[in-house]
$ cat work11.csv   # CSV, C-alpha atoms
chain,number,residue,atom,x,y,z
H,1,MET,CA,-6.1,57.8,122.8
H,2,GLU,CA,-4.7,57.8,126.3
H,3,SER,CA,-8.3,58.4,127.7
H,4,VAL,CA,-9.6,55.1,126.2
H,5,TRP,CA,-8.4,52.6,128.8
H,6,PRO,CA,-9.2,54.6,132.0
H,7,ALA,CA,-12.7,55.1,130.6
H,8,LEU,CA,-13.1,51.4,129.8
H,9,LEU,CA,-11.8,50.3,133.2
H,10,LEU,CA,-14.0,52.8,135.0
H,11,SER,CA,-17.0,51.7,133.0
H,12,LEU,CA,-16.4,48.1,133.8
H,13,LYS,CA,-16.0,48.9,137.5
H,14,VAL,CA,-19.2,51.1,137.6
H,15,ALA,CA,-21.2,48.5,135.6
H,16,GLY,CA,-19.9,45.6,137.7
H,17,LEU,CA,-20.7,47.3,141.1
H,18,ALA,CA,-24.1,48.5,139.8
H,19,THR,CA,-25.0,45.0,138.7
H,20,ALA,CA,-24.0,43.5,142.0
H,21,ILE,CA,-26.2,46.0,143.9
H,22,ASP,CA,-29.1,45.3,141.5
H,23,LEU,CA,-28.6,41.6,142.0
H,24,VAL,CA,-29.2,41.8,145.7
H,25,LEU,CA,-32.0,44.4,145.6
H,26,GLY,CA,-33.6,43.1,142.4
H,27,VAL,CA,-33.8,39.5,143.6
H,28,ALA,CA,-35.1,40.5,147.0
H,29,VAL,CA,-37.8,42.7,145.6
H,30,GLY,CA,-38.6,40.3,142.8
H,31,TRP,CA,-39.2,37.5,145.2
H,32,LEU,CA,-41.2,39.7,147.5
H,33,LEU,CA,-43.6,40.8,144.7
H,34,ALA,CA,-43.8,37.2,143.3
H,35,ARG,CA,-44.5,35.5,146.6
H,36,ARG,CA,-46.3,38.0,148.8
H,37,ARG,CA,-49.7,39.6,148.4
H,38,PHE,CA,-50.2,43.1,150.0
H,39,PRO,CA,-52.0,46.3,149.2
H,40,GLY,CA,-50.2,48.5,146.6
H,41,ARG,CA,-48.2,45.6,145.2
H,42,GLU,CA,-48.8,46.4,141.6
H,43,PHE,CA,-48.3,50.1,142.2
H,44,LEU,CA,-44.9,49.4,143.8
H,45,ASP,CA,-44.1,47.3,140.7
H,46,THR,CA,-45.0,50.2,138.5
H,47,VAL,CA,-42.9,52.7,140.5
H,48,LEU,CA,-39.9,50.3,140.4
H,49,THR,CA,-40.3,49.9,136.6
H,50,LEU,CA,-40.2,53.6,136.0
H,51,PRO,CA,-36.5,53.8,135.3
H,52,MET,CA,-37.1,51.8,132.1
H,53,VAL,CA,-39.3,54.5,130.6
H,54,LEU,CA,-38.3,57.8,132.2
H,55,PRO,CA,-35.7,59.8,130.4
H,56,PRO,CA,-32.2,59.3,132.0
H,57,THR,CA,-31.9,63.1,132.6
H,58,VAL,CA,-35.1,63.0,134.7
H,59,LEU,CA,-33.6,60.1,136.7
H,60,GLY,CA,-30.5,62.2,137.1
H,61,TYR,CA,-32.5,65.1,138.3
H,62,TYR,CA,-34.3,63.0,140.9
H,63,LEU,CA,-30.9,61.6,142.1
H,64,LEU,CA,-29.5,65.1,142.4
H,65,VAL,CA,-32.5,66.1,144.5
H,66,LEU,CA,-32.0,63.0,146.6
H,67,ILE,CA,-28.2,62.7,147.1
H,68,GLY,CA,-27.0,66.2,146.3
H,69,ARG,CA,-25.7,68.3,149.2
H,70,ARG,CA,-29.1,70.0,149.4
H,71,GLY,CA,-31.0,66.7,149.2
H,72,TRP,CA,-32.3,65.1,152.4
H,73,LEU,CA,-30.1,62.0,152.0
H,74,GLY,CA,-27.0,63.7,150.5
H,75,GLY,CA,-27.2,66.5,153.0
H,76,TRP,CA,-27.4,64.0,155.9
H,77,LEU,CA,-24.4,62.0,154.5
H,78,HIS,CA,-22.3,65.2,154.1
H,79,ASP,CA,-23.1,66.7,157.4
H,80,THR,CA,-22.8,63.4,159.4
H,81,PHE,CA,-20.0,61.6,157.6
H,82,GLY,CA,-18.5,64.1,155.3
H,83,ILE,CA,-19.5,62.0,152.3
H,84,ASN,CA,-20.2,63.7,149.0
H,85,LEU,CA,-21.6,61.5,146.1
H,86,ILE,CA,-21.9,64.1,143.4
H,87,PHE,CA,-19.1,64.2,140.8
H,88,THR,CA,-17.7,60.9,142.1
H,89,TRP,CA,-17.4,57.4,140.6
H,90,GLN,CA,-19.6,56.2,143.5
H,91,GLY,CA,-22.3,58.6,142.3
H,92,ALA,CA,-21.9,57.0,138.8
H,93,VAL,CA,-22.5,53.6,140.4
H,94,ILE,CA,-25.7,54.8,142.1
H,95,ALA,CA,-27.0,56.3,138.8
H,96,ALA,CA,-26.2,53.1,136.8
H,97,SER,CA,-27.8,51.0,139.5
H,98,VAL,CA,-31.1,53.0,139.4
H,99,VAL,CA,-31.2,52.9,135.6
H,100,ALA,CA,-30.5,49.2,135.3
H,101,PHE,CA,-32.5,48.0,138.3
H,102,PRO,CA,-35.7,47.1,136.4
H,103,LEU,CA,-33.7,44.9,134.1
H,104,VAL,CA,-32.9,42.7,137.1
H,105,PHE,CA,-36.1,43.1,139.0
H,106,LYS,CA,-38.6,42.3,136.3
H,107,PRO,CA,-36.9,39.1,135.1
H,108,ALA,CA,-36.4,38.0,138.7
H,109,ARG,CA,-40.1,38.5,139.5
H,110,ALA,CA,-41.1,36.6,136.3
H,111,ALA,CA,-38.6,33.8,137.1
H,112,PHE,CA,-39.9,33.4,140.7
H,113,GLU,CA,-43.5,33.4,139.5
H,114,ALA,CA,-42.6,30.6,137.1
H,115,VAL,CA,-41.3,28.3,139.9
H,116,ASP,CA,-43.9,25.7,140.9
H,117,GLY,CA,-45.1,26.6,144.4
H,118,GLN,CA,-45.9,23.0,145.1
H,119,LEU,CA,-42.2,22.1,145.1
H,120,GLU,CA,-41.5,24.8,147.7
H,121,GLN,CA,-44.5,23.6,149.8
H,122,ALA,CA,-43.2,20.0,149.6
H,123,ALA,CA,-39.8,21.1,150.8
H,124,ARG,CA,-41.4,22.9,153.8
H,125,ILE,CA,-43.4,19.7,154.6
H,126,LEU,CA,-40.2,17.8,154.7
H,127,GLY,CA,-38.8,20.2,157.3
H,128,MET,CA,-36.8,22.7,155.3
H,129,LYS,CA,-36.7,26.2,156.7
H,130,GLU,CA,-37.6,29.2,154.6
H,131,ALA,CA,-34.0,30.2,153.9
H,132,ALA,CA,-33.2,26.6,152.8
H,133,VAL,CA,-36.3,26.5,150.6
H,134,PHE,CA,-35.2,29.7,148.9
H,135,PHE,CA,-31.5,28.8,148.3
H,136,ARG,CA,-32.0,25.1,147.5
H,137,ILE,CA,-35.3,25.1,145.6
H,138,THR,CA,-36.5,28.5,144.5
H,139,LEU,CA,-33.3,30.2,143.4
H,140,PRO,CA,-31.8,27.2,141.5
H,141,LEU,CA,-35.0,27.0,139.5
H,142,ALA,CA,-35.1,30.7,138.8
H,143,TRP,CA,-31.4,31.4,138.2
H,144,ARG,CA,-31.6,31.4,134.4
H,145,GLY,CA,-34.1,34.2,134.2
H,146,ILE,CA,-32.2,36.1,136.9
H,147,MET,CA,-28.9,35.7,135.1
H,148,ALA,CA,-30.3,36.9,131.8
H,149,GLY,CA,-31.6,40.0,133.6
H,150,LEU,CA,-28.2,40.6,135.2
H,151,LEU,CA,-26.4,40.4,131.8
H,152,LEU,CA,-28.9,42.9,130.3
H,153,ALA,CA,-28.5,45.2,133.4
H,154,PHE,CA,-24.7,45.0,133.0
H,155,ALA,CA,-24.9,46.1,129.4
H,156,ARG,CA,-27.3,48.9,130.3
H,157,ALA,CA,-25.1,50.1,133.1
H,158,LEU,CA,-22.1,50.0,130.8
H,159,GLY,CA,-23.8,52.2,128.3
H,160,GLU,CA,-25.5,54.6,130.8
H,161,PHE,CA,-25.0,58.3,129.8
H,162,GLY,CA,-27.7,60.8,130.9
H,163,ALA,CA,-28.1,60.1,134.6
H,164,THR,CA,-24.4,59.4,135.0
H,165,LEU,CA,-23.4,62.7,133.4
H,166,MET,CA,-25.8,64.7,135.6
H,167,VAL,CA,-24.7,63.0,138.8
H,168,ALA,CA,-21.0,62.2,138.2
H,169,GLY,CA,-20.0,64.7,135.5
H,170,SER,CA,-17.2,64.1,133.1
H,171,ILE,CA,-13.9,64.2,134.9
H,172,PRO,CA,-11.2,62.2,132.9
H,173,GLY,CA,-9.8,59.4,134.8
H,174,LYS,CA,-12.3,59.8,137.7
H,175,THR,CA,-15.9,59.9,136.5
H,176,GLN,CA,-15.6,59.8,132.7
H,177,THR,CA,-17.2,56.5,131.5
H,178,LEU,CA,-17.2,55.0,128.0
H,179,SER,CA,-20.4,56.6,126.9
H,180,ILE,CA,-19.4,60.0,128.2
H,181,ALA,CA,-15.9,59.6,126.7
H,182,ILE,CA,-17.5,58.9,123.3
H,183,TYR,CA,-19.6,62.0,123.5
H,184,GLU,CA,-16.6,64.1,124.5
H,185,ALA,CA,-14.5,62.6,121.7
H,186,VAL,CA,-17.1,63.4,119.1
H,187,GLN,CA,-17.5,66.9,120.4
H,188,ALA,CA,-13.7,67.4,120.2
H,189,GLY,CA,-13.5,66.0,116.7
H,190,GLN,CA,-11.4,63.0,117.8
H,191,ASP,CA,-12.8,60.5,115.4
H,192,ASP,CA,-10.2,57.8,116.0
H,193,THR,CA,-10.8,57.7,119.7
H,194,ALA,CA,-14.6,57.8,119.2
H,195,ASN,CA,-14.5,54.9,116.7
H,196,LEU,CA,-12.4,52.8,119.1
H,197,LEU,CA,-14.7,53.5,122.1
H,198,VAL,CA,-17.8,52.7,120.0
H,199,LEU,CA,-16.2,49.5,118.7
H,200,ILE,CA,-15.3,48.3,122.3
H,201,THR,CA,-18.8,49.2,123.6
H,202,SER,CA,-20.6,47.5,120.7
H,203,ILE,CA,-18.5,44.2,121.0
H,204,VAL,CA,-19.2,44.0,124.8
H,205,CYS,CA,-23.0,44.7,124.3
H,206,VAL,CA,-23.3,42.2,121.5
H,207,ALA,CA,-21.6,39.5,123.6
H,208,VAL,CA,-23.8,40.2,126.6
H,209,LEU,CA,-27.0,40.1,124.5
H,210,LEU,CA,-26.0,36.8,122.9
H,211,SER,CA,-25.3,35.3,126.3
H,212,ALA,CA,-28.6,36.6,127.7
H,213,GLY,CA,-30.4,35.1,124.7
H,214,LYS,CA,-28.9,31.7,125.4
H,215,LEU,CA,-29.9,31.8,129.1
H,216,ALA,CA,-33.5,32.9,128.4
H,217,PRO,CA,-34.5,32.2,124.8
H,218,GLY,CA,-37.6,33.9,123.7
H,219,ARG,CA,-37.9,36.1,126.8
H,220,ILE,CA,-37.7,39.8,127.1
H,221,ALA,CA,-36.7,41.9,130.0
H,222,HIS,CA,-40.2,43.1,130.8
H,223,ARG,CA,-43.7,41.7,130.4

$ encode --input "work11.csv" --output "structure tokens"
Amino acid sequence: MESVWPALLLSLKVAGLATAIDLVLGVAVGWLLARRRFPGREFLDTVLTLPMVLPPTVLGYYLLVLIGRRGWLGGWLHDTFGINLIFTWQGAVIAASVVAFPLVFKPARAAFEAVDGQLEQAARILGMKEAAVFFRITLPLAWRGIMAGLLLAFARALGEFGATLMVAGSIPGKTQTLSIAIYEAVQAGQDDTANLLVLITSIVCVAVLLSAGKLAPGRIAHR
């Protein structure tokens, strides 16, 4: 039972940081694809949506190739700064961010596309700069869809298993998240611990889904 709270706190930290990363990147990319036309736009959309359909173990393998010590990014980070992301909680954050990213990006794009462009144009005519138009017109009108996506991304990051296990491993107190702790408890025959972890995860996910439904009734995370 002593492993329950460290796993819960680590999962909340990983999910929170992953959601914050996806907020910045997902909103930026969602706005770009909603407001700009360029060759390969829909192909980029497809590539960025892949984490929704690829098996988590495949994503974990790609991440190992990218940020492992033999990967071009991981090797550069290790040789230049002495940074190792494999089997660390930071690696778990990266894995959760990648898996949950489409759940922020897709709703953000849909929300920006639903904003009336005439309102933005009117603001520009009145002398507003692009940054002001975005933060005072576009974002306030799109925030409900974005927030719904963030809640879903948080729930997805909280329950991430496959990619996290491949990248961060299962080190109790360091990289063992809730979903991994549940797996380990079941494998060890610790039914009481597994039941408690499952109950905690289920309560959090139900609360998140109810909140997301209130923010974006009738919508789904992808179109």

$ atom_distance --input "work11.csv" --atom1 "atom CA of Leu178 of chain H" --atom2 "atom CA of Pro102 of chain H"
21.8 Å

$ closest_residue --input "work11.csv" --among "H:Gly159, H:Pro172, H:Gly145, H:Pro107" --to "Gly26 of chain H" --atoms "only C-alpha atoms"
H:Pro107

$ residues_around --input "work11.csv" --residues "Asp79 of chain H" --least-positions-apart "5" --cutoff "12 Å" --atoms "all atoms listed in the file" --output "list in words"
Gly68, Arg69, Arg70, Gly71, Trp72, Leu73, Gly74 and Asn84 of chain H

$ write_last_selection --input "work11.csv" --atoms "C-alpha atoms" --output "PDB file, in the coordinates of the input"
ATOM      1  CA  GLY H  68     -27.000  66.200 146.300  1.00  0.00           C
ATOM      2  CA  ARG H  69     -25.700  68.300 149.200  1.00  0.00           C
ATOM      3  CA  ARG H  70     -29.100  70.000 149.400  1.00  0.00           C
ATOM      4  CA  GLY H  71     -31.000  66.700 149.200  1.00  0.00           C
ATOM      5  CA  TRP H  72     -32.300  65.100 152.400  1.00  0.00           C
ATOM      6  CA  LEU H  73     -30.100  62.000 152.000  1.00  0.00           C
ATOM      7  CA  GLY H  74     -27.000  63.700 150.500  1.00  0.00           C
ATOM      8  CA  ASN H  84     -20.200  63.700 149.000  1.00  0.00           C
TER       9      ASN H  84
END

$ residues_around --input "work11.csv" --residues "Ala111 of chain H" --least-positions-apart "2" --cutoff "7 Å" --atoms "all atoms listed in the file" --output "PDB file with C-alpha atoms, keeping the file's coordinate frame"
ATOM      1  CA  PRO H 107     -36.900  39.100 135.100  1.00  0.00           C
ATOM      2  CA  ALA H 108     -36.400  38.000 138.700  1.00  0.00           C
ATOM      3  CA  ARG H 109     -40.100  38.500 139.500  1.00  0.00           C
ATOM      4  CA  GLU H 113     -43.500  33.400 139.500  1.00  0.00           C
ATOM      5  CA  ALA H 114     -42.600  30.600 137.100  1.00  0.00           C
ATOM      6  CA  VAL H 115     -41.300  28.300 139.900  1.00  0.00           C
ATOM      7  CA  ALA H 142     -35.100  30.700 138.800  1.00  0.00           C
ATOM      8  CA  GLY H 145     -34.100  34.200 134.200  1.00  0.00           C
ATOM      9  CA  ILE H 146     -32.200  36.100 136.900  1.00  0.00           C
TER      10      ILE H 146
END

$ closest_atom_pairs --input "work11.csv" --of "segment 31-117 of chain H" --to "segment 124-134 of chain H" --cutoff "12 Å" --atoms "only C-alpha atoms" --output "JSON lines"
{"residue": "H:Trp31", "atom": "CA", "partner": "H:Phe134", "partner_atom": "CA", "distance": 9.5}
{"residue": "H:Leu32", "atom": "CA", "partner": "H:Phe134", "partner_atom": "CA", "distance": 11.7}
{"residue": "H:Arg35", "atom": "CA", "partner": "H:Phe134", "partner_atom": "CA", "distance": 11.2}
{"residue": "H:Phe112", "atom": "CA", "partner": "H:Phe134", "partner_atom": "CA", "distance": 10.1}
{"residue": "H:Val115", "atom": "CA", "partner": "H:Phe134", "partner_atom": "CA", "distance": 11.0}
{"residue": "H:Gly117", "atom": "CA", "partner": "H:Arg124", "partner_atom": "CA", "distance": 10.8}

$ write_last_selection --input "work11.csv" --atoms "C-alpha atoms" --output "PDB file, in the coordinates of the input"
ATOM      1  CA  TRP H  31     -39.200  37.500 145.200  1.00  0.00           C
ATOM      2  CA  LEU H  32     -41.200  39.700 147.500  1.00  0.00           C
ATOM      3  CA  ARG H  35     -44.500  35.500 146.600  1.00  0.00           C
ATOM      4  CA  PHE H 112     -39.900  33.400 140.700  1.00  0.00           C
ATOM      5  CA  VAL H 115     -41.300  28.300 139.900  1.00  0.00           C
ATOM      6  CA  GLY H 117     -45.100  26.600 144.400  1.00  0.00           C
TER       7      GLY H 117
END

$ atom_distance --input "work11.csv" --atom1 "atom CA of Val167 of chain H" --atom2 "atom CA of Gln187 of chain H"
20.1 Å

$ residues_around --input "work11.csv" --residues "segment 196-205 of chain H" --least-positions-apart "4" --cutoff "10 Å" --atoms "all atoms listed in the file" --output "ChimeraX atom specification"
/H:1,3-5,7-8,11,151-152,154-156,158-159,178-179,181-183,185,191-192,209-211

$ closest_residue --input "work11.csv" --among "H:Gly82, H:Gly30, H:Pro51, H:Gly173" --to "Phe105 of chain H" --atoms "all atoms listed in the file"
H:Gly30

$ closest_residue --input "work11.csv" --among "H:Val58, H:Ala110, H:Ala153, H:Ile67" --to "Leu141 of chain H" --atoms "all atoms listed in the file"
H:Ala110

$ atom_distance --input "work11.csv" --atom1 "atom CA of Ala28 of chain H" --atom2 "atom CA of Gly40 of chain H"
17.1 Å

$ residues_around --input "work11.csv" --residues "Leu33 of chain H" --least-positions-apart "4" --cutoff "9 Å" --atoms "all atoms listed in the file" --output "PyMOL selection string"
chain H and resi 28-29+37-38+41-42+44-45+109

$ closest_residue --input "work11.csv" --among "H:Ala123, H:Leu103, H:Val47, H:Ala163" --to "Thr138 of chain H" --atoms "only C-alpha atoms"
H:Ala123

$ closest_residue --input "work11.csv" --among "H:Val99, H:Leu119, H:Gly149, H:Trp89" --to "Arg136 of chain H" --atoms "all atoms listed in the file"
H:Leu119

$ closest_residue --input "work11.csv" --among "H:Thr46, H:Lys174, H:Pro140, H:Ala168" --to "Leu9 of chain H" --atoms "all atoms listed in the file"
H:Lys174

$ decode --input "work11.csv" --residues "segment 142-160 of chain H" --atoms "N, CA, C and O atoms" --output "PDB file, in the first residue's frame"
ATOM      1  N   ALA H 142     -12.625  30.622 -28.501  1.00  0.00           N
ATOM      2  CA  ALA H 142     -12.287  29.209 -28.727  1.00  0.00           C
ATOM      3  C   ALA H 142     -11.963  28.454 -27.447  1.00  0.00           C
ATOM      4  O   ALA H 142     -11.732  27.241 -27.494  1.00  0.00           O
ATOM      5  N   TRP H 143     -11.975  29.125 -26.307  1.00  0.00           N
ATOM      6  CA  TRP H 143     -11.415  28.530 -25.096  1.00  0.00           C
ATOM      7  C   TRP H 143     -12.189  27.302 -24.619  1.00  0.00           C
ATOM      8  O   TRP H 143     -11.604  26.370 -24.065  1.00  0.00           O
ATOM      9  N   ARG H 144     -13.514  27.257 -24.850  1.00  0.00           N
ATOM     10  CA  ARG H 144     -14.273  26.106 -24.364  1.00  0.00           C
ATOM     11  C   ARG H 144     -13.832  24.810 -25.045  1.00  0.00           C
ATOM     12  O   ARG H 144     -13.642  23.784 -24.398  1.00  0.00           O
ATOM     13  N   GLY H 145     -13.660  24.865 -26.353  1.00  0.00           N
ATOM     14  CA  GLY H 145     -13.189  23.684 -27.068  1.00  0.00           C
ATOM     15  C   GLY H 145     -11.778  23.289 -26.666  1.00  0.00           C
ATOM     16  O   GLY H 145     -11.470  22.103 -26.511  1.00  0.00           O
ATOM     17  N   ILE H 146     -10.924  24.290 -26.481  1.00  0.00           N
ATOM     18  CA  ILE H 146      -9.545  24.014 -26.064  1.00  0.00           C
ATOM     19  C   ILE H 146      -9.515  23.400 -24.676  1.00  0.00           C
ATOM     20  O   ILE H 146      -8.794  22.428 -24.420  1.00  0.00           O
ATOM     21  N   MET H 147     -10.306  23.953 -23.748  1.00  0.00           N
ATOM     22  CA  MET H 147     -10.321  23.435 -22.385  1.00  0.00           C
ATOM     23  C   MET H 147     -10.852  22.011 -22.329  1.00  0.00           C
ATOM     24  O   MET H 147     -10.343  21.179 -21.568  1.00  0.00           O
ATOM     25  N   ALA H 148     -11.867  21.718 -23.135  1.00  0.00           N
ATOM     26  CA  ALA H 148     -12.374  20.344 -23.195  1.00  0.00           C
ATOM     27  C   ALA H 148     -11.282  19.389 -23.665  1.00  0.00           C
ATOM     28  O   ALA H 148     -11.122  18.288 -23.116  1.00  0.00           O
ATOM     29  N   GLY H 149     -10.521  19.808 -24.674  1.00  0.00           N
ATOM     30  CA  GLY H 149      -9.412  18.990 -25.145  1.00  0.00           C
ATOM     31  C   GLY H 149      -8.337  18.807 -24.090  1.00  0.00           C
ATOM     32  O   GLY H 149      -7.773  17.719 -23.939  1.00  0.00           O
ATOM     33  N   LEU H 150      -8.061  19.855 -23.325  1.00  0.00           N
ATOM     34  CA  LEU H 150      -7.053  19.769 -22.261  1.00  0.00           C
ATOM     35  C   LEU H 150      -7.466  18.770 -21.195  1.00  0.00           C
ATOM     36  O   LEU H 150      -6.636  17.999 -20.691  1.00  0.00           O
ATOM     37  N   LEU H 151      -8.739  18.778 -20.824  1.00  0.00           N
ATOM     38  CA  LEU H 151      -9.214  17.835 -19.817  1.00  0.00           C
ATOM     39  C   LEU H 151      -9.077  16.391 -20.301  1.00  0.00           C
ATOM     40  O   LEU H 151      -8.649  15.504 -19.559  1.00  0.00           O
ATOM     41  N   LEU H 152      -9.441  16.158 -21.559  1.00  0.00           N
ATOM     42  CA  LEU H 152      -9.295  14.823 -22.121  1.00  0.00           C
ATOM     43  C   LEU H 152      -7.818  14.417 -22.201  1.00  0.00           C
ATOM     44  O   LEU H 152      -7.467  13.267 -21.950  1.00  0.00           O
ATOM     45  N   ALA H 153      -6.962  15.374 -22.560  1.00  0.00           N
ATOM     46  CA  ALA H 153      -5.524  15.089 -22.645  1.00  0.00           C
ATOM     47  C   ALA H 153      -4.960  14.753 -21.269  1.00  0.00           C
ATOM     48  O   ALA H 153      -4.125  13.861 -21.128  1.00  0.00           O
ATOM     49  N   PHE H 154      -5.423  15.472 -20.243  1.00  0.00           N
ATOM     50  CA  PHE H 154      -4.959  15.186 -18.879  1.00  0.00           C
ATOM     51  C   PHE H 154      -5.343  13.772 -18.466  1.00  0.00           C
ATOM     52  O   PHE H 154      -4.528  13.026 -17.902  1.00  0.00           O
ATOM     53  N   ALA H 155      -6.603  13.384 -18.758  1.00  0.00           N
ATOM     54  CA  ALA H 155      -7.046  12.038 -18.418  1.00  0.00           C
ATOM     55  C   ALA H 155      -6.242  10.986 -19.183  1.00  0.00           C
ATOM     56  O   ALA H 155      -5.869   9.947 -18.627  1.00  0.00           O
ATOM     57  N   ARG H 156      -5.968  11.268 -20.452  1.00  0.00           N
ATOM     58  CA  ARG H 156      -5.190  10.315 -21.265  1.00  0.00           C
ATOM     59  C   ARG H 156      -3.766  10.206 -20.749  1.00  0.00           C
ATOM     60  O   ARG H 156      -3.207   9.098 -20.667  1.00  0.00           O
ATOM     61  N   ALA H 157      -3.166  11.337 -20.400  1.00  0.00           N
ATOM     62  CA  ALA H 157      -1.802  11.318 -19.876  1.00  0.00           C
ATOM     63  C   ALA H 157      -1.744  10.605 -18.528  1.00  0.00           C
ATOM     64  O   ALA H 157      -0.778   9.912 -18.215  1.00  0.00           O
ATOM     65  N   LEU H 158      -2.792  10.787 -17.724  1.00  0.00           N
ATOM     66  CA  LEU H 158      -2.837  10.146 -16.413  1.00  0.00           C
ATOM     67  C   LEU H 158      -2.873   8.628 -16.537  1.00  0.00           C
ATOM     68  O   LEU H 158      -2.306   7.912 -15.716  1.00  0.00           O
ATOM     69  N   GLY H 159      -3.527   8.131 -17.581  1.00  0.00           N
ATOM     70  CA  GLY H 159      -3.659   6.689 -17.747  1.00  0.00           C
ATOM     71  C   GLY H 159      -2.684   6.070 -18.723  1.00  0.00           C
ATOM     72  O   GLY H 159      -2.786   4.875 -19.007  1.00  0.00           O
ATOM     73  N   GLU H 160      -1.735   6.848 -19.233  1.00  0.00           N
ATOM     74  CA  GLU H 160      -0.781   6.333 -20.215  1.00  0.00           C
ATOM     75  C   GLU H 160       0.036   5.180 -19.623  1.00  0.00           C
ATOM     76  O   GLU H 160       0.516   5.244 -18.498  1.00  0.00           O
TER      77      GLU H 160
END
